[in-house]
>>> print(open('query.csv').read())   # CSV, C-alpha atoms and all ligand atoms
chain,number,residue,atom,x,y,z
A,1,MET,CA,-28.9,15.5,19.7
A,2,LYS,CA,-32.1,14.9,17.7
A,3,ILE,CA,-34.0,11.7,18.5
A,4,ASP,CA,-35.1,10.1,15.2
A,5,ARG,CA,-36.5,6.8,16.3
A,6,VAL,CA,-37.3,4.8,19.4
A,7,GLU,CA,-38.0,1.0,19.6
A,8,LEU,CA,-39.4,-0.8,22.6
A,9,ARG,CA,-38.8,-4.5,22.9
A,10,GLU,CA,-39.8,-7.0,25.5
A,11,ILE,CA,-37.5,-10.0,25.8
A,12,GLN,CA,-37.9,-13.1,27.8
A,13,MET,CA,-35.0,-15.2,29.1
A,14,PRO,CA,-34.9,-18.0,31.7
A,15,LEU,CA,-32.4,-17.5,34.6
A,16,VAL,CA,-29.6,-20.2,34.8
A,17,HIS,CA,-30.7,-20.6,38.5
A,18,PHE,CA,-33.9,-19.3,40.1
A,19,PHE,CA,-33.5,-16.2,42.4
A,20,GLU,CA,-35.5,-16.1,45.6
A,21,THR,CA,-35.9,-13.2,48.0
A,22,SER,CA,-38.2,-12.6,51.0
A,23,PHE,CA,-40.9,-11.4,48.5
A,24,GLY,CA,-40.8,-14.3,46.0
A,25,ARG,CA,-39.0,-16.4,43.5
A,26,THR,CA,-38.0,-15.5,39.9
A,27,THR,CA,-37.2,-18.2,37.3
A,28,THR,CA,-37.7,-16.3,34.0
A,29,ARG,CA,-37.0,-12.6,33.4
A,30,ARG,CA,-39.2,-10.4,31.2
A,31,ILE,CA,-37.2,-7.3,30.3
A,32,VAL,CA,-38.2,-4.2,28.3
A,33,LEU,CA,-35.3,-2.8,26.2
A,34,VAL,CA,-35.3,0.7,24.8
A,35,ARG,CA,-33.4,1.3,21.6
A,36,VAL,CA,-32.9,5.0,20.6
A,37,ASP,CA,-31.5,6.1,17.2
A,38,ALA,CA,-30.3,9.7,17.0
A,39,GLU,CA,-28.1,11.3,14.3
A,40,GLY,CA,-26.9,7.9,13.0
A,41,LEU,CA,-25.9,6.6,16.4
A,42,THR,CA,-27.7,4.0,18.5
A,43,GLY,CA,-28.1,3.6,22.3
A,44,TRP,CA,-29.8,0.9,24.3
A,45,GLY,CA,-31.3,1.1,27.8
A,46,GLU,CA,-33.0,-1.5,30.0
A,47,VAL,CA,-36.1,-1.3,32.3
A,48,THR,CA,-35.1,-3.1,35.5
A,49,ALA,CA,-38.6,-3.7,36.8
A,50,GLY,CA,-39.5,-7.1,38.2
A,51,GLU,CA,-42.2,-9.2,36.6
A,52,GLU,CA,-44.5,-8.6,39.5
A,53,PRO,CA,-45.0,-5.4,41.5
A,54,LEU,CA,-43.2,-6.9,44.6
A,55,TYR,CA,-39.8,-5.1,44.7
A,56,SER,CA,-41.5,-1.8,43.6
A,57,HIS,CA,-44.7,-0.7,41.9
A,58,GLU,CA,-43.2,-1.0,38.4
A,59,THR,CA,-43.5,-4.0,36.1
A,60,PRO,CA,-42.6,-4.5,32.4
A,61,GLU,CA,-46.2,-3.6,31.5
A,62,THR,CA,-46.4,-0.3,33.5
A,63,ALA,CA,-43.0,0.7,32.0
A,64,TRP,CA,-44.2,-0.1,28.5
A,65,HIS,CA,-47.3,2.1,29.1
A,66,ILE,CA,-45.4,5.0,30.5
A,67,LEU,CA,-42.7,4.9,27.8
A,68,ARG,CA,-45.2,4.5,24.9
A,69,ASP,CA,-47.8,7.0,26.0
A,70,PHE,CA,-45.6,9.7,27.7
A,71,LEU,CA,-41.8,9.5,27.7
A,72,VAL,CA,-41.3,8.5,24.1
A,73,PRO,CA,-43.7,11.0,22.6
A,74,TRP,CA,-42.1,13.7,24.7
A,75,VAL,CA,-38.6,13.2,23.4
A,76,LEU,CA,-39.2,12.0,19.8
A,77,GLY,CA,-38.3,14.3,16.9
A,78,LYS,CA,-36.9,16.9,19.3
A,79,GLU,CA,-33.5,18.4,19.8
A,80,TRP,CA,-31.9,17.9,23.2
A,81,THR,CA,-28.7,19.3,24.6
A,82,SER,CA,-27.9,16.5,27.0
A,83,PRO,CA,-29.4,13.4,28.7
A,84,SER,CA,-29.8,15.5,31.9
A,85,GLU,CA,-32.1,17.9,30.1
A,86,VAL,CA,-34.3,14.9,29.2
A,87,ALA,CA,-34.2,13.7,32.8
A,88,ALA,CA,-35.4,17.2,33.8
A,89,ARG,CA,-38.2,16.9,31.2
A,90,PHE,CA,-39.3,13.6,32.8
A,91,ARG,CA,-39.6,15.0,36.3
A,92,PRO,CA,-43.3,16.0,36.2
A,93,ILE,CA,-44.1,12.3,36.0
A,94,ARG,CA,-44.2,11.0,39.5
A,95,GLY,CA,-42.5,7.7,40.1
A,96,HIS,CA,-42.0,5.2,37.2
A,97,ASN,CA,-38.2,5.7,37.6
A,98,MET,CA,-37.3,2.5,35.9
A,99,ALA,CA,-39.2,3.5,32.7
A,100,LYS,CA,-37.5,6.9,32.8
A,101,ALA,CA,-34.0,5.4,33.5
A,102,ALA,CA,-34.2,3.0,30.5
A,103,LEU,CA,-34.7,5.9,28.0
A,104,GLU,CA,-32.3,8.4,29.6
A,105,ASN,CA,-29.5,5.8,29.9
A,106,ALA,CA,-29.8,5.0,26.2
A,107,LEU,CA,-29.3,8.7,25.5
A,108,TRP,CA,-26.1,8.7,27.6
A,109,VAL,CA,-24.7,5.9,25.4
A,110,ILE,CA,-25.4,8.1,22.3
A,111,GLU,CA,-23.8,11.1,24.0
A,112,ALA,CA,-20.7,9.2,24.9
A,113,GLN,CA,-20.4,8.0,21.3
A,114,GLN,CA,-20.8,11.6,20.0
A,115,LYS,CA,-18.0,12.7,22.3
A,116,GLY,CA,-15.8,9.7,21.4
A,117,ILE,CA,-15.5,8.6,25.0
A,118,SER,CA,-16.6,5.6,27.1
A,119,LEU,CA,-20.0,5.8,28.9
A,120,ALA,CA,-18.0,5.6,32.2
A,121,ARG,CA,-16.0,8.7,31.3
A,122,ALA,CA,-19.1,10.5,30.0
A,123,ILE,CA,-20.7,10.3,33.5
A,124,GLY,CA,-17.5,11.2,35.4
A,125,GLY,CA,-16.2,7.7,36.1
A,126,THR,CA,-12.6,7.3,37.0
A,127,LEU,CA,-12.1,3.7,38.2
A,128,GLU,CA,-10.7,1.4,35.5
A,129,GLU,CA,-11.6,-1.7,37.4
A,130,ILE,CA,-14.6,-2.2,39.8
A,131,PRO,CA,-14.8,-4.5,42.8
A,132,CYS,CA,-17.5,-7.2,42.5
A,133,GLY,CA,-19.7,-9.1,44.9
A,134,VAL,CA,-22.5,-11.6,44.4
A,135,SER,CA,-26.1,-11.7,45.7
A,136,ILE,CA,-27.2,-15.2,46.5
A,137,GLY,CA,-30.9,-16.0,46.8
A,138,ILE,CA,-32.7,-18.2,49.3
A,139,GLN,CA,-32.0,-21.8,48.5
A,140,SER,CA,-34.0,-25.0,49.1
A,141,GLY,CA,-31.6,-25.9,51.9
A,142,VAL,CA,-28.7,-24.4,53.9
A,143,GLU,CA,-26.1,-26.9,52.6
A,144,GLU,CA,-27.0,-25.8,49.0
A,145,LEU,CA,-26.4,-22.2,50.0
A,146,VAL,CA,-23.0,-23.1,51.6
A,147,GLU,CA,-22.0,-24.8,48.4
A,148,ARG,CA,-23.0,-21.8,46.3
A,149,ILE,CA,-21.0,-19.5,48.6
A,150,ALA,CA,-17.9,-21.8,48.3
A,151,HIS,CA,-18.2,-21.6,44.5
A,152,GLU,CA,-18.4,-17.8,44.4
A,153,VAL,CA,-15.6,-17.3,47.0
A,154,SER,CA,-13.3,-19.5,44.9
A,155,ALA,CA,-14.3,-17.6,41.8
A,156,GLY,CA,-12.8,-14.6,43.5
A,157,TYR,CA,-15.8,-12.5,44.3
A,158,GLN,CA,-14.9,-9.9,47.0
A,159,ARG,CA,-18.1,-10.2,49.1
A,160,ILE,CA,-21.1,-12.4,49.5
A,161,LYS,CA,-24.6,-11.1,50.0
A,162,VAL,CA,-27.2,-13.6,51.2
A,163,LYS,CA,-31.0,-13.0,51.2
A,164,VAL,CA,-32.6,-13.4,54.6
A,165,LYS,CA,-36.2,-13.6,55.9
A,166,PRO,CA,-37.8,-14.8,59.2
A,167,GLY,CA,-37.0,-18.5,59.4
A,168,TRP,CA,-34.0,-18.2,57.0
A,169,ASP,CA,-31.7,-15.9,58.9
A,170,ILE,CA,-29.9,-16.6,62.3
A,171,ASN,CA,-29.4,-20.3,61.7
A,172,VAL,CA,-28.3,-19.7,58.1
A,173,LEU,CA,-25.8,-17.0,59.1
A,174,GLU,CA,-24.5,-19.2,61.9
A,175,ARG,CA,-23.9,-22.0,59.5
A,176,ILE,CA,-22.2,-19.6,57.0
A,177,ARG,CA,-19.9,-18.2,59.6
A,178,THR,CA,-18.8,-21.7,60.7
A,179,THR,CA,-17.5,-22.4,57.2
A,180,PHE,CA,-16.5,-18.9,56.2
A,181,PRO,CA,-15.4,-17.0,59.3
A,182,ARG,CA,-13.5,-14.3,57.4
A,183,THR,CA,-15.5,-13.8,54.2
A,184,ALA,CA,-16.9,-10.3,53.7
A,185,LEU,CA,-20.6,-11.1,54.2
A,186,MET,CA,-23.8,-9.1,54.3
A,187,ALA,CA,-27.5,-9.9,54.4
A,188,ASP,CA,-30.4,-8.4,52.5
A,189,ALA,CA,-33.9,-8.7,54.0
A,190,ASN,CA,-36.0,-6.9,51.3
A,191,SER,CA,-38.3,-5.5,54.0
A,192,ALA,CA,-39.0,-8.8,55.7
A,193,TYR,CA,-39.0,-7.4,59.3
A,194,THR,CA,-40.6,-4.8,61.5
A,195,LEU,CA,-39.5,-2.9,64.6
A,196,ALA,CA,-41.3,-5.6,66.6
A,197,ASP,CA,-38.5,-7.9,65.6
A,198,LEU,CA,-35.9,-5.7,67.3
A,199,PRO,CA,-34.6,-8.4,69.8
A,200,HIS,CA,-34.3,-10.8,66.9
A,201,LEU,CA,-32.5,-8.3,64.6
A,202,LYS,CA,-30.0,-7.5,67.4
A,203,GLN,CA,-28.8,-11.1,67.1
A,204,PHE,CA,-27.4,-10.3,63.6
A,205,ASP,CA,-24.7,-8.2,65.3
A,206,ARG,CA,-22.8,-11.4,66.3
A,207,PHE,CA,-22.0,-12.3,62.7
A,208,TYR,CA,-20.1,-9.0,62.1
A,209,LEU,CA,-21.8,-8.4,58.8
A,210,MET,CA,-20.6,-5.6,56.5
A,211,MET,CA,-24.2,-4.4,56.6
A,212,ILE,CA,-27.8,-5.4,56.7
A,213,GLU,CA,-29.8,-4.2,53.6
A,214,GLN,CA,-33.4,-2.9,53.9
A,215,PRO,CA,-34.5,-4.8,57.0
A,216,LEU,CA,-37.7,-2.8,57.5
A,217,GLY,CA,-40.5,-1.3,55.5
A,218,TRP,CA,-39.9,-0.7,51.7
A,219,ASP,CA,-41.1,2.9,52.1
A,220,ASP,CA,-39.7,3.6,55.5
A,221,ILE,CA,-36.7,5.6,56.9
A,222,ILE,CA,-38.1,6.6,60.3
A,223,ASP,CA,-38.1,3.0,61.8
A,224,HIS,CA,-34.8,2.3,60.2
A,225,ALA,CA,-33.3,5.3,62.1
A,226,LYS,CA,-34.7,3.8,65.3
A,227,LEU,CA,-33.3,0.4,64.5
A,228,GLN,CA,-29.9,1.8,63.5
A,229,ARG,CA,-29.6,3.3,67.0
A,230,GLU,CA,-30.1,-0.1,68.5
A,231,ILE,CA,-27.8,-2.3,66.4
A,232,ALA,CA,-24.1,-2.2,65.6
A,233,THR,CA,-24.4,-3.7,62.1
A,234,PRO,CA,-24.6,-0.8,59.6
A,235,ILE,CA,-27.9,-0.5,57.8
A,236,CYS,CA,-27.8,-0.1,54.0
A,237,LEU,CA,-31.0,1.3,52.3
A,238,ASP,CA,-32.2,0.0,49.0
A,239,GLU,CA,-36.0,0.1,48.4
A,240,SER,CA,-36.5,3.4,50.3
A,241,ILE,CA,-34.1,5.5,48.2
A,242,HIS,CA,-35.5,7.1,45.0
A,243,SER,CA,-33.5,10.3,44.8
A,244,SER,CA,-30.6,12.3,46.2
A,245,ASP,CA,-33.1,14.0,48.4
A,246,ASP,CA,-34.2,10.7,49.9
A,247,VAL,CA,-30.5,10.0,50.6
A,248,ARG,CA,-30.0,13.4,52.3
A,249,LYS,CA,-33.0,12.8,54.6
A,250,ALA,CA,-32.1,9.3,55.4
A,251,ILE,CA,-28.5,10.3,56.4
A,252,GLU,CA,-29.9,13.3,58.3
A,253,ILE,CA,-32.0,11.2,60.6
A,254,GLY,CA,-29.5,8.4,60.9
A,255,ALA,CA,-31.5,5.8,59.0
A,256,CYS,CA,-28.5,4.2,57.3
A,257,LYS,CA,-24.7,4.3,57.1
A,258,ILE,CA,-24.4,2.9,53.5
A,259,ILE,CA,-26.4,3.4,50.3
A,260,ASN,CA,-27.2,0.9,47.6
A,261,VAL,CA,-27.7,2.7,44.3
A,262,LYS,CA,-29.8,1.2,41.5
A,263,LEU,CA,-30.1,3.1,38.2
A,264,GLY,CA,-33.7,2.1,37.7
A,265,ARG,CA,-34.8,2.9,41.2
A,266,VAL,CA,-33.4,6.4,41.2
A,267,GLY,CA,-34.5,7.1,37.6
A,268,GLY,CA,-31.3,7.1,35.6
A,269,LEU,CA,-27.6,8.1,35.4
A,270,THR,CA,-28.2,11.8,36.1
A,271,ALA,CA,-30.0,11.0,39.4
A,272,ALA,CA,-27.4,8.4,40.2
A,273,GLN,CA,-24.7,11.1,39.8
A,274,ARG,CA,-26.5,13.2,42.3
A,275,VAL,CA,-26.9,10.4,44.8
A,276,HIS,CA,-23.2,9.7,44.4
A,277,GLU,CA,-22.4,13.4,45.1
A,278,VAL,CA,-24.5,13.6,48.2
A,279,CYS,CA,-23.0,10.4,49.6
A,280,ARG,CA,-19.5,11.6,48.9
A,281,ALA,CA,-20.1,14.9,50.6
A,282,LYS,CA,-21.4,13.1,53.7
A,283,ASN,CA,-18.7,10.3,53.6
A,284,ILE,CA,-21.3,7.6,53.1
A,285,PRO,CA,-20.1,4.6,51.1
A,286,VAL,CA,-22.2,3.7,48.0
A,287,TRP,CA,-22.3,0.6,45.9
A,288,CYS,CA,-24.2,-0.5,42.8
A,289,GLY,CA,-27.1,-2.8,43.4
A,290,GLY,CA,-28.5,-5.3,40.8
A,291,MET,CA,-31.9,-6.2,39.4
A,292,LEU,CA,-31.0,-9.5,37.6
A,293,GLU,CA,-30.2,-7.4,34.5
A,294,SER,CA,-29.5,-8.5,31.0
A,295,GLY,CA,-26.2,-7.4,29.5
A,296,ILE,CA,-27.5,-4.0,28.6
A,297,GLY,CA,-28.5,-3.0,32.1
A,298,ARG,CA,-25.3,-4.7,33.4
A,299,ALA,CA,-23.1,-2.6,31.1
A,300,HIS,CA,-24.8,0.5,32.5
A,301,ASN,CA,-24.1,-0.7,36.0
A,302,VAL,CA,-20.4,-1.2,35.2
A,303,ALA,CA,-20.2,2.4,34.0
A,304,MET,CA,-22.0,3.8,37.1
A,305,SER,CA,-19.7,1.7,39.4
A,306,SER,CA,-16.7,3.5,37.9
A,307,LEU,CA,-17.7,6.7,39.8
A,308,PRO,CA,-15.0,7.4,42.4
A,309,GLY,CA,-17.4,7.0,45.4
A,310,PHE,CA,-18.3,3.4,44.6
A,311,THR,CA,-15.8,2.0,47.0
A,312,LEU,CA,-17.7,-1.1,48.1
A,313,PRO,CA,-18.2,-4.2,45.9
A,314,GLY,CA,-21.5,-4.1,44.0
A,315,ASP,CA,-24.0,-6.7,43.0
A,316,VAL,CA,-22.5,-6.5,39.6
A,317,SER,CA,-21.3,-10.0,38.6
A,318,ALA,CA,-20.6,-12.1,35.5
A,319,SER,CA,-23.2,-12.6,32.8
A,320,GLN,CA,-22.9,-16.3,33.0
A,321,ARG,CA,-24.2,-16.4,36.6
A,322,TYR,CA,-27.6,-15.3,35.1
A,323,TRP,CA,-27.8,-16.3,31.4
A,324,ALA,CA,-27.0,-19.3,29.3
A,325,GLU,CA,-26.3,-16.7,26.6
A,326,ASP,CA,-26.3,-12.9,27.3
A,327,ILE,CA,-27.5,-10.3,24.8
A,328,ILE,CA,-24.2,-8.4,24.6
A,329,ARG,CA,-20.7,-9.2,23.2
A,330,PRO,CA,-18.4,-9.7,24.9
A,331,GLU,CA,-20.4,-10.9,27.9
A,332,VAL,CA,-19.5,-9.3,31.3
A,333,THR,CA,-16.7,-11.3,32.9
A,334,VAL,CA,-15.1,-11.1,36.3
A,335,SER,CA,-11.4,-11.6,37.0
A,336,ALA,CA,-9.9,-14.0,39.5
A,337,ARG,CA,-9.5,-11.0,41.8
A,338,GLY,CA,-13.2,-10.4,41.7
A,339,THR,CA,-13.1,-7.3,39.5
A,340,ILE,CA,-14.7,-6.2,36.2
A,341,ARG,CA,-12.6,-4.0,33.8
A,342,VAL,CA,-14.4,-0.9,32.8
A,343,PRO,CA,-14.5,-0.6,29.0
A,344,GLN,CA,-12.6,2.4,27.7
A,345,THR,CA,-13.9,2.3,24.1
A,346,PRO,CA,-16.4,4.9,23.0
A,347,GLY,CA,-20.0,4.3,24.1
A,348,LEU,CA,-21.4,1.3,26.0
A,349,GLY,CA,-18.3,-0.8,25.5
A,350,TYR,CA,-20.3,-3.9,24.8
A,351,GLU,CA,-22.0,-4.7,21.5
A,352,PRO,CA,-25.7,-5.6,21.7
A,353,ASN,CA,-26.1,-9.0,20.0
A,354,LEU,CA,-28.9,-8.2,17.6
A,355,ASP,CA,-29.5,-11.8,16.6
A,356,ARG,CA,-29.7,-13.0,20.1
A,357,ILE,CA,-32.0,-10.1,21.0
A,358,GLU,CA,-34.3,-10.9,18.1
A,359,GLN,CA,-34.4,-14.6,19.2
A,360,VAL,CA,-35.7,-13.7,22.7
A,361,THR,CA,-38.0,-10.9,21.7
A,362,ILE,CA,-41.7,-11.5,22.5
A,363,ARG,CA,-43.0,-8.1,21.4
A,364,LYS,CA,-41.7,-4.9,19.8
A,365,GLU,CA,-43.1,-1.5,18.8
A,366,ARG,CA,-41.4,1.3,16.8
A,367,PHE,CA,-41.9,5.0,17.1
A,368,ARG,CA,-40.7,7.7,14.7
A,401,LIG,O1,-32.8,-6.3,46.8
A,401,LIG,O2,-30.9,-6.1,45.8
A,401,LIG,C1,-32.1,-6.6,45.8
A,401,LIG,C2,-32.7,-8.8,42.8
A,401,LIG,C3,-34.0,-8.4,42.5
A,401,LIG,C4,-34.7,-7.5,43.3
A,401,LIG,C5,-34.0,-7.0,44.4
A,401,LIG,C6,-32.7,-7.3,44.7
A,401,LIG,C7,-32.1,-8.2,43.9
A,401,LIG,C8,-30.7,-8.7,44.1
A,401,LIG,C9,-30.0,-9.3,43.0
A,401,LIG,O3,-30.2,-8.8,45.2
A,401,LIG,C10,-28.8,-8.6,42.5
A,401,LIG,C11,-28.3,-9.2,41.2
A,401,LIG,O4,-27.6,-10.1,41.3
A,401,LIG,O5,-28.7,-8.6,40.2
A,402,MG,MG,-31.7,-5.2,48.1
>>> encode(input="query.csv", output="structure tokens", more="lines below")
Ligand code: OSB
Ligand code: MG
Amino acid sequence: MKIDRVELREIQMPLVHFFETSFGRTTTRRIVLVRVDAEGLTGWGEVTAGEEPLYSHETPETAWHILRDFLVPWVLGKEWTSPSEVAARFRPIRGHNMAKAALENALWVIEAQQKGISLARAIGGTLEEIPCGVSIGIQSGVEELVERIAHEVSAGYQRIKVKVKPGWDINVLERIRTTFPRTALMADANSAYTLADLPHLKQFDRFYLMMIEQPLGWDDIIDHAKLQREIATPICLDESIHSSDDVRKAIEIGACKIINVKLGRVGGLTAAQRVHEVCRAKNIPVWCGGMLESGIGRAHNVAMSSLPGFTLPGDVSASQRYWAEDIIRPEVTVSARGTIRVPQTPGLGYEPNLDRIEQVTIRKERFR
């Protein structure tokens, strides 16, 4: 495929409800979208970076810089045999995986259209329906959290993830288990603890959580391996995993029993396929994490979640949990069984709503 035109856009949209983790609160998202035009077809990708460099080093601004000054000039006007070839071309740039993923994923949408198949099928997806969970942030009070959980459980979501941090953990989990003794439950700490908290972390075992996500350092696997030897709750790594090699090493030293895959964090669909392969070979369950995506990133997450190894419910949930109006049509909806149907039509399977995108755009730049 020959890439004729690339457009970068930054959009800004308020969240329906603020989202708070151990590293901070988000009320409005700033999202860089990448539109690629090649041979009469159009593909969209999304940069999943947070507004501030708190989850990872990337922000909308760093992604814009890396895309404008490096990635876009490298691909523009050239002939490519596949999105994976482009992913290989991006490899010399160290880091900036979210910037890379946005552009590569847009190319996958074009490739799927060229082949006349769905994005899910183009990457090797087989599941026609994916299991969904929700990630619920830190609330102003525990009773508010319990109400939110009740709402999502009755909506049908298959598992609940709550954010934890020192001071918002044991008491909160205790309260949740009183009301929801049998709900599939997990906790995500976003690196809020250290090994010095070992006695404290051991107490998590009594809530029979499906897993605890990234309890220790954002760049660590060694301490996680030590912790995993001391606790019964399976550890799931998020922030520490940037490639299939990271997965291999983490599994090798026993740092985790489950892997959260995020397209932006690992650098796109090609890398995600590799992570999926390594996990399948080692019998490690994988699931799709979320980054408060707009409909574009959400649609890519739905496709990735259709790979056969994505056996656990992901943080991929309905558009309306995030946005008054999403930027795709139809919006992503979740069935009463807590599943999303994977689109089978050629390409992304959701139509970017160009009017809505234009409405929320705060800057754009075109390259040809
Ligand atoms: O750690 O999984 C995380 C959101 C922003 C940054 C990090 C994380 C999250 C979520 C939200 O948990 C998942 C979602 O609903 O998109
Ligand atoms: Mg996480």
>>> closest_atom_pairs(input="query.csv", of="chain A", to="ligand MG 402 (chain A)", cutoff="10 Å", atoms="all atoms listed in the file", output="tab-separated table")
residue	atom	partner	partner_atom	distance
A:Thr21	CA	A:MG402	MG	9.0
A:Tyr55	CA	A:MG402	MG	8.8
A:Ser135	CA	A:MG402	MG	8.9
A:Lys161	CA	A:MG402	MG	9.4
A:Lys163	CA	A:MG402	MG	8.4
A:Ala187	CA	A:MG402	MG	8.9
A:Asp188	CA	A:MG402	MG	5.6
A:Ala189	CA	A:MG402	MG	7.2
A:Asn190	CA	A:MG402	MG	5.6
A:Ser191	CA	A:MG402	MG	8.9
A:Ile212	CA	A:MG402	MG	9.4
A:Glu213	CA	A:MG402	MG	5.9
A:Gln214	CA	A:MG402	MG	6.5
A:Pro215	CA	A:MG402	MG	9.3
A:Cys236	CA	A:MG402	MG	8.7
A:Leu237	CA	A:MG402	MG	7.8
A:Asp238	CA	A:MG402	MG	5.3
A:Glu239	CA	A:MG402	MG	6.8
A:Asn260	CA	A:MG402	MG	7.6
A:Val261	CA	A:MG402	MG	9.6
A:Lys262	CA	A:MG402	MG	9.4
A:Gly289	CA	A:MG402	MG	7.0
A:Gly290	CA	A:MG402	MG	8.0
A:Met291	CA	A:MG402	MG	8.8
A:Asp315	CA	A:MG402	MG	9.4
>>> residues_around(input="query.csv", residues="Ala102 (chain A)", least_positions_apart="4", cutoff="9 Å", atoms="all atoms listed in the file", output="JSON, numbers by chain")
{"A": [32, 33, 34, 44, 45, 46, 47, 48, 97, 98, 106, 263, 264, 267, 268, 297]}
>>> closest_residue(input="query.csv", among="A:Val162, A:Ala225, A:Ile258, A:Ala250", to="ligand LIG 401 (chain A)", atoms="only C-alpha atoms and all ligand atoms")
A:Val162
>>> closest_residue(input="query.csv", among="A:Ala150, A:Asp245, A:Leu185, A:Phe367", to="Pro73 (chain A)", atoms="all atoms listed in the file")
A:Phe367
>>> closest_residue(input="query.csv", among="A:Cys256, A:Val360, A:Leu41, A:Leu292", to="Thr27 (chain A)", atoms="only C-alpha atoms")
A:Leu292
